[in-house]
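To start, the structure under review is shown below, and the notes come after it.
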Amino acid sequence: MNGRRRRVSIAARLFAVQAVFVIAAVGLAVALLALDARGRATADASARSMVTAEAVAHNPFVIEAVQQPDPSSVLQPYAVTLMDDTHVDFITVMAPDRTRYTHRDPEEIGKPFIGTIAPALAGKSFTETYTGTLGPSVRAVVPIRGDDGSVTALVSAGITLSQVDATFWPRVHLLLGAGAVMIALGALVSWLFSRYLRRVTAGRGAEELGQVFAYYESVLHSVREGLVLVDAHGVLVLYNDHAADLLGLTAGGPARPVDELDIPASLKALLLQDEEARDEVFVTRDHVLVVNHQPALPTEAQRGAGRIRSLGTVTTLRDRTELLRVTGELESMRTMSDALRSQTHEFANRLHTIASLLELGRSDEALRFAADELNLSQRLADRVLVSVDEPVIAALMLGKAAQARERGVALKLETHLDPGTQGFEPADVVTILGNLVDNALDAAASGTAPGVEPWVEVYLGLGDGEDDLVVQVSDSGPGIDHDARERVFGRGYSTKETDALGRGIGLALVRQTVARLGGTIELSEHVGAVFTVTLPMTARVDS
């Protein structure tokens with residue numbers, strides 16, 4: 001990620017943008033508030049001027065004074081005192097012809113008033129901003145009426161704009177101070193947020209994150225294993241197409257809690273845990289999965305910024321369903337091969353026995369011994385080959401029969417099937433029958449009741465109405481505890497040291513295959529354990 005030119009991180013860019021935005025927003029707000037404050041100061045000056053002018057115009061003393069021969073001698077002292085008390089810059093009482101009776105500057109008395117008086121002469125009070133002898137001012141002009149209601153004089157009260165500014169600038173300074181505080185607070189919040197972004201993005205820029213995201217998307221959809229990402233809150237946030245197929249999810253679907261997934265509880269528990277797991281085997285409805293699981297730890301930059309907690313977990317899923325099916329078939333072939341090797345030794349011993357009987361001149365006993373062995377083997381072979389028209393399954397049962405004989409277990413096969421009526425996928429039947437017979441042989445060989453020879457019985461037949469294929473395997477073993485019946489089909493359950501297809505996975509594969517074919521499996525007890533599998537004929541590959 002390091003190049004000749006260091007890209008600016010998202011955090012730095014966001015901080016700069018936010019700082020500029022805060023400064024511009026606060027500056028605009030201060031300008032608008034300053035204009036508003038100036039308007040309010042002018043309006044306040046105009047209101048004060050109007051109140052003062054109206055008070056003077058309605059004062060009986062003033063009304064009487066303007067009718068005297070020398071109004072200035074009476075009104076000037078009154079106006080000066082009133083200006084000092086009301087803090088207005090001027091109060092000018094004038095004749096209708098603009099002649100001043102009073103003024104802030106006594107030298108201006110007797111001179112004409114500078115400003116608008118026409119509305120006042122018409123009997124209307126008004127305000128205006130005008131430049132007079134004292135400079136620009138906000139002034140109010142009000143008519144003074146005599147007893148008969150006619151306008152006998154005018155009065156103007158005003159405040160200069162310099163005084164308005166004197167009251168305005170303190171407000172501006174307050175606004176500028178408040179704006180500076182807002183800029184400082186905005187900069188602090190932006191800096192804190194930029195620190196958070198720098199921590200979660202590891203200081204990367206937008207281009208780098210976009211490039212990383214593009215790489216991640218490519219990797220996510222190119223790997224031939226299922227990839228699942230779960231966040232720290234137990235939500236499945238990301239998965240690729242292969243994982244969607246293995247877990248029965250919708251490709252590209254929304255994030256959803258792991259607890260809502262339709263997968264085995266043991267696999268849910270693994271996805272939600274923080275501990276690392278290597279090559280764990282899980283059996284779902286349609287697949288056998290090898291799962292690797294590890295927490296997603298923060299980067300060095302994130303750890304340096306104080307983030308220690310895991311960000312979630314990353315899980316890979318490898319499908320081993322077909323491999324285990326092929327392994328089951330190979331196991332059946334190996335069983336047959338081992339059985340043939342053991343029979344080679346057994347037949348060699350029998351041939352030696354027959355040869356010895358012939359050398360001793362006991363030809364009748366030799367012939368009888370050979371015929372008995374031949375009839376026993378031939379009856380078993382005929383029953384298997386006639387009843388089971390699938391050569392793979394026939395080979396499996398012949399091999400299991402030889403294996404049972406070698407272990408001292410009597411294997412009994414009972415069939416009520418006509419040739420050509422099975423039609424199921426051989427690999428599926430091998431998975432079901434092979435695992436059930438293996439478990440039954442192990443159980444029978446492990447111990448039976450005193451005085452009872454170990455045995456295993458296999459029944460193949462049609463169910464009621466000939467709509468189902470029934471496979472039943474029973475043994476003379478110790479059986480299965482009632483408390484363990486719910487767990488016997490789960491991954492990891494085993495009463496043996498090892499298992500041909502992985503520790504504790506045989507019965508789980510049986511249940512998976514039966515469920516995929518739409519059948520059922522039941523566990524009961526007679527002498528030992530009895531497993532009954534019912535497969536609908538509609539699941540046959542030739543249907």
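Identifiers for the structure tokens are assigned positionally: chains receive A, B, ... in sequence, residues are indexed from 1 per chain, and ligands are indexed from 1 in the order shown.
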Report as a PyMOL selection string all protein, DNA and RNA residues lying within 9 Å of Ile263 in chain A, evaluated on only C-alpha atoms, omitting residues in the same chain fewer than 5 positions from it.
chain A and resi 247-248+268+284-285
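Put simply, CA of Pro119 in chain A is 29.2 Å away from CA of Leu35 in chain A.
Contact shell of Thr86 in chain A at 12 Å (only C-alpha atoms; same-chain neighbours under 4 positions omitted): Ala45, Arg48, Ser49, Met50, Val51, Thr52, Ala53, Ala55, Val56, Ala79, Val80, Thr81, Leu82, Phe90, Ile91, Ala157, Gly158 and Ile159 of chain A.
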Given only C-alpha atoms as the basis, pick out the residue of A:Gly39, A:Gly519, A:Gly226, A:Pro257 nearest to Ala244 in chain A.
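Of A:Gly39, A:Gly519, A:Gly226, A:Pro257, the one nearest Ala244 in chain A, counting only C-alpha atoms, is A:Gly226.
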Counting only C-alpha atoms, figure out which residue out of A:Ala29, A:Ala444, A:Leu238, A:Val456 gets nearest to Ala410 in chain A.
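Nearest candidate to Ala410 in chain A out of A:Ala29, A:Ala444, A:Leu238, A:Val456: A:Val456.
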If we count only C-alpha atoms, what is near range 72-76 of chain A at a cut-off of 10 Å, once residues fewer than 4 positions away on the same chain are taken out, given as a PDB file with N, CA, C and O atoms, in the first residue's frame?
ATOM      1  N   PHE A  61     -47.302  71.067  28.800  1.00  0.00           N
ATOM      2  CA  PHE A  61     -46.332  72.161  28.948  1.00  0.00           C
ATOM      3  C   PHE A  61     -45.801  72.568  27.580  1.00  0.00           C
ATOM      4  O   PHE A  61     -45.677  73.766  27.269  1.00  0.00           O
ATOM      5  N   VAL A  62     -45.495  71.610  26.729  1.00  0.00           N
ATOM      6  CA  VAL A  62     -44.960  71.904  25.403  1.00  0.00           C
ATOM      7  C   VAL A  62     -46.050  72.511  24.522  1.00  0.00           C
ATOM      8  O   VAL A  62     -45.805  73.482  23.767  1.00  0.00           O
ATOM      9  N   ALA A  65     -46.307  76.008  25.554  1.00  0.00           N
ATOM     10  CA  ALA A  65     -45.094  76.810  25.310  1.00  0.00           C
ATOM     11  C   ALA A  65     -44.973  77.229  23.864  1.00  0.00           C
ATOM     12  O   ALA A  65     -44.491  78.327  23.549  1.00  0.00           O
ATOM     13  N   VAL A  66     -45.362  76.362  22.908  1.00  0.00           N
ATOM     14  CA  VAL A  66     -45.177  76.701  21.494  1.00  0.00           C
ATOM     15  C   VAL A  66     -46.119  77.827  21.067  1.00  0.00           C
ATOM     16  O   VAL A  66     -45.937  78.408  19.981  1.00  0.00           O
ATOM     17  N   GLN A  68     -46.508  80.555  22.938  1.00  0.00           N
ATOM     18  CA  GLN A  68     -46.008  81.794  23.547  1.00  0.00           C
ATOM     19  C   GLN A  68     -45.158  82.575  22.538  1.00  0.00           C
ATOM     20  O   GLN A  68     -44.655  81.996  21.563  1.00  0.00           O
ATOM     21  N   VAL A  80     -33.019  70.181  26.869  1.00  0.00           N
ATOM     22  CA  VAL A  80     -31.676  69.732  27.288  1.00  0.00           C
ATOM     23  C   VAL A  80     -31.798  68.708  28.402  1.00  0.00           C
ATOM     24  O   VAL A  80     -31.113  67.664  28.419  1.00  0.00           O
ATOM     25  N   THR A  81     -32.634  69.041  29.397  1.00  0.00           N
ATOM     26  CA  THR A  81     -32.804  68.101  30.520  1.00  0.00           C
ATOM     27  C   THR A  81     -33.366  66.756  30.039  1.00  0.00           C
ATOM     28  O   THR A  81     -32.920  65.683  30.471  1.00  0.00           O
ATOM     29  N   LEU A  82     -34.331  66.830  29.143  1.00  0.00           N
ATOM     30  CA  LEU A  82     -34.949  65.593  28.644  1.00  0.00           C
ATOM     31  C   LEU A  82     -33.964  64.769  27.813  1.00  0.00           C
ATOM     32  O   LEU A  82     -33.952  63.530  27.897  1.00  0.00           O
ATOM     33  N   ILE A  91     -33.467  66.654  20.604  1.00  0.00           N
ATOM     34  CA  ILE A  91     -34.918  66.882  20.624  1.00  0.00           C
ATOM     35  C   ILE A  91     -35.126  68.285  20.069  1.00  0.00           C
ATOM     36  O   ILE A  91     -34.709  69.278  20.681  1.00  0.00           O
ATOM     37  N   THR A  92     -35.717  68.326  18.917  1.00  0.00           N
ATOM     38  CA  THR A  92     -35.909  69.613  18.236  1.00  0.00           C
ATOM     39  C   THR A  92     -37.402  69.905  18.141  1.00  0.00           C
ATOM     40  O   THR A  92     -38.144  69.145  17.517  1.00  0.00           O
ATOM     41  N   VAL A  93     -37.800  71.008  18.781  1.00  0.00           N
ATOM     42  CA  VAL A  93     -39.180  71.496  18.653  1.00  0.00           C
ATOM     43  C   VAL A  93     -39.129  72.641  17.652  1.00  0.00           C
ATOM     44  O   VAL A  93     -38.274  73.528  17.760  1.00  0.00           O
ATOM     45  N   MET A  94     -40.034  72.614  16.671  1.00  0.00           N
ATOM     46  CA  MET A  94     -39.944  73.598  15.582  1.00  0.00           C
ATOM     47  C   MET A  94     -41.340  74.098  15.237  1.00  0.00           C
ATOM     48  O   MET A  94     -42.349  73.446  15.549  1.00  0.00           O
ATOM     49  N   ARG A 100     -36.430  76.273  14.208  1.00  0.00           N
ATOM     50  CA  ARG A 100     -36.141  75.494  15.411  1.00  0.00           C
ATOM     51  C   ARG A 100     -36.383  76.341  16.654  1.00  0.00           C
ATOM     52  O   ARG A 100     -35.916  77.472  16.744  1.00  0.00           O
ATOM     53  N   TYR A 101     -37.047  75.736  17.637  1.00  0.00           N
ATOM     54  CA  TYR A 101     -37.163  76.346  18.966  1.00  0.00           C
ATOM     55  C   TYR A 101     -36.099  75.770  19.911  1.00  0.00           C
ATOM     56  O   TYR A 101     -35.695  76.467  20.846  1.00  0.00           O
ATOM     57  N   THR A 102     -35.682  74.523  19.662  1.00  0.00           N
ATOM     58  CA  THR A 102     -34.678  73.883  20.528  1.00  0.00           C
ATOM     59  C   THR A 102     -33.694  73.133  19.640  1.00  0.00           C
ATOM     60  O   THR A 102     -34.008  72.742  18.505  1.00  0.00           O
ATOM     61  N   HIS A 103     -32.484  72.911  20.215  1.00  0.00           N
ATOM     62  CA  HIS A 103     -31.471  72.111  19.492  1.00  0.00           C
ATOM     63  C   HIS A 103     -30.360  71.744  20.446  1.00  0.00           C
ATOM     64  O   HIS A 103     -30.135  72.428  21.451  1.00  0.00           O
ATOM     65  N   ARG A 104     -29.655  70.646  20.120  1.00  0.00           N
ATOM     66  CA  ARG A 104     -28.508  70.242  20.949  1.00  0.00           C
ATOM     67  C   ARG A 104     -27.457  71.352  20.940  1.00  0.00           C
ATOM     68  O   ARG A 104     -26.848  71.648  21.976  1.00  0.00           O
ATOM     69  N   PRO A 106     -27.045  75.210  20.744  1.00  0.00           N
ATOM     70  CA  PRO A 106     -27.870  76.433  20.854  1.00  0.00           C
ATOM     71  C   PRO A 106     -27.727  77.362  19.666  1.00  0.00           C
ATOM     72  O   PRO A 106     -28.649  78.129  19.344  1.00  0.00           O
ATOM     73  N   ILE A 109     -30.456  77.207  17.020  1.00  0.00           N
ATOM     74  CA  ILE A 109     -31.822  77.639  17.316  1.00  0.00           C
ATOM     75  C   ILE A 109     -32.173  78.811  16.409  1.00  0.00           C
ATOM     76  O   ILE A 109     -31.386  79.732  16.225  1.00  0.00           O
ATOM     77  N   GLY A 110     -33.349  78.779  15.875  1.00  0.00           N
ATOM     78  CA  GLY A 110     -33.813  79.824  14.957  1.00  0.00           C
ATOM     79  C   GLY A 110     -33.549  79.504  13.501  1.00  0.00           C
ATOM     80  O   GLY A 110     -34.103  80.134  12.615  1.00  0.00           O
TER      81      GLY A 110
END
Report as a ChimeraX atom specification all protein, DNA and RNA residues lying within 9 Å of Arg318 in chain A, evaluated on only C-alpha atoms, omitting residues in the same chain fewer than 4 positions from it.
/A:224-226,243,246,288-292
May I have the residues within 6 Å of range 457-461 of chain A as number ranges by chain, using only C-alpha atoms and disregarding those fewer than 5 positions away in the same chain?
A: 411-417, 469-474
Just N, CA and C atoms for this one: save the residues we selected as a PDB file, in the first residue's frame.
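Output (result32.pdb):
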ATOM      1  N   LEU A 411     -23.457 -63.429  10.516  1.00  0.00           N
ATOM      2  CA  LEU A 411     -24.176 -62.428   9.749  1.00  0.00           C
ATOM      3  C   LEU A 411     -25.306 -63.107   8.991  1.00  0.00           C
ATOM      4  N   LYS A 412     -26.529 -62.703   9.284  1.00  0.00           N
ATOM      5  CA  LYS A 412     -27.702 -63.285   8.640  1.00  0.00           C
ATOM      6  C   LYS A 412     -28.322 -62.247   7.714  1.00  0.00           C
ATOM      7  N   LEU A 413     -28.563 -62.650   6.484  1.00  0.00           N
ATOM      8  CA  LEU A 413     -29.158 -61.761   5.493  1.00  0.00           C
ATOM      9  C   LEU A 413     -30.512 -62.308   5.092  1.00  0.00           C
ATOM     10  N   GLU A 414     -31.526 -61.512   5.246  1.00  0.00           N
ATOM     11  CA  GLU A 414     -32.873 -61.889   4.842  1.00  0.00           C
ATOM     12  C   GLU A 414     -33.391 -60.843   3.873  1.00  0.00           C
ATOM     13  N   THR A 415     -33.814 -61.313   2.707  1.00  0.00           N
ATOM     14  CA  THR A 415     -34.317 -60.384   1.697  1.00  0.00           C
ATOM     15  C   THR A 415     -35.664 -60.849   1.189  1.00  0.00           C
ATOM     16  N   HIS A 416     -36.503 -59.885   0.855  1.00  0.00           N
ATOM     17  CA  HIS A 416     -37.786 -60.145   0.211  1.00  0.00           C
ATOM     18  C   HIS A 416     -37.924 -59.203  -0.981  1.00  0.00           C
ATOM     19  N   LEU A 417     -36.885 -59.213  -1.796  1.00  0.00           N
ATOM     20  CA  LEU A 417     -36.848 -58.337  -2.960  1.00  0.00           C
ATOM     21  C   LEU A 417     -36.687 -59.172  -4.209  1.00  0.00           C
ATOM     22  N   LEU A 469     -38.599 -48.891   0.321  1.00  0.00           N
ATOM     23  CA  LEU A 469     -37.560 -49.892   0.564  1.00  0.00           C
ATOM     24  C   LEU A 469     -37.186 -49.826   2.037  1.00  0.00           C
ATOM     25  N   VAL A 470     -37.215 -50.977   2.714  1.00  0.00           N
ATOM     26  CA  VAL A 470     -36.916 -51.037   4.139  1.00  0.00           C
ATOM     27  C   VAL A 470     -35.586 -51.751   4.326  1.00  0.00           C
ATOM     28  N   VAL A 471     -34.683 -51.079   5.022  1.00  0.00           N
ATOM     29  CA  VAL A 471     -33.385 -51.654   5.390  1.00  0.00           C
ATOM     30  C   VAL A 471     -33.342 -51.687   6.910  1.00  0.00           C
ATOM     31  N   GLN A 472     -33.197 -52.887   7.471  1.00  0.00           N
ATOM     32  CA  GLN A 472     -33.167 -53.029   8.922  1.00  0.00           C
ATOM     33  C   GLN A 472     -31.931 -53.810   9.334  1.00  0.00           C
ATOM     34  N   VAL A 473     -31.166 -53.259  10.265  1.00  0.00           N
ATOM     35  CA  VAL A 473     -29.949 -53.903  10.765  1.00  0.00           C
ATOM     36  C   VAL A 473     -30.065 -53.989  12.276  1.00  0.00           C
ATOM     37  N   SER A 474     -29.973 -55.212  12.805  1.00  0.00           N
ATOM     38  CA  SER A 474     -30.036 -55.435  14.250  1.00  0.00           C
ATOM     39  C   SER A 474     -28.844 -56.258  14.678  1.00  0.00           C
TER      40      SER A 474
END
Give me, please, the distance in Å between CA of Val189 in chain A and CA of Leu28 in chain A, quoted to one decimal.
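For CA of Val189 in chain A relative to CA of Leu28 in chain A, the distance reads 19.6 Å.
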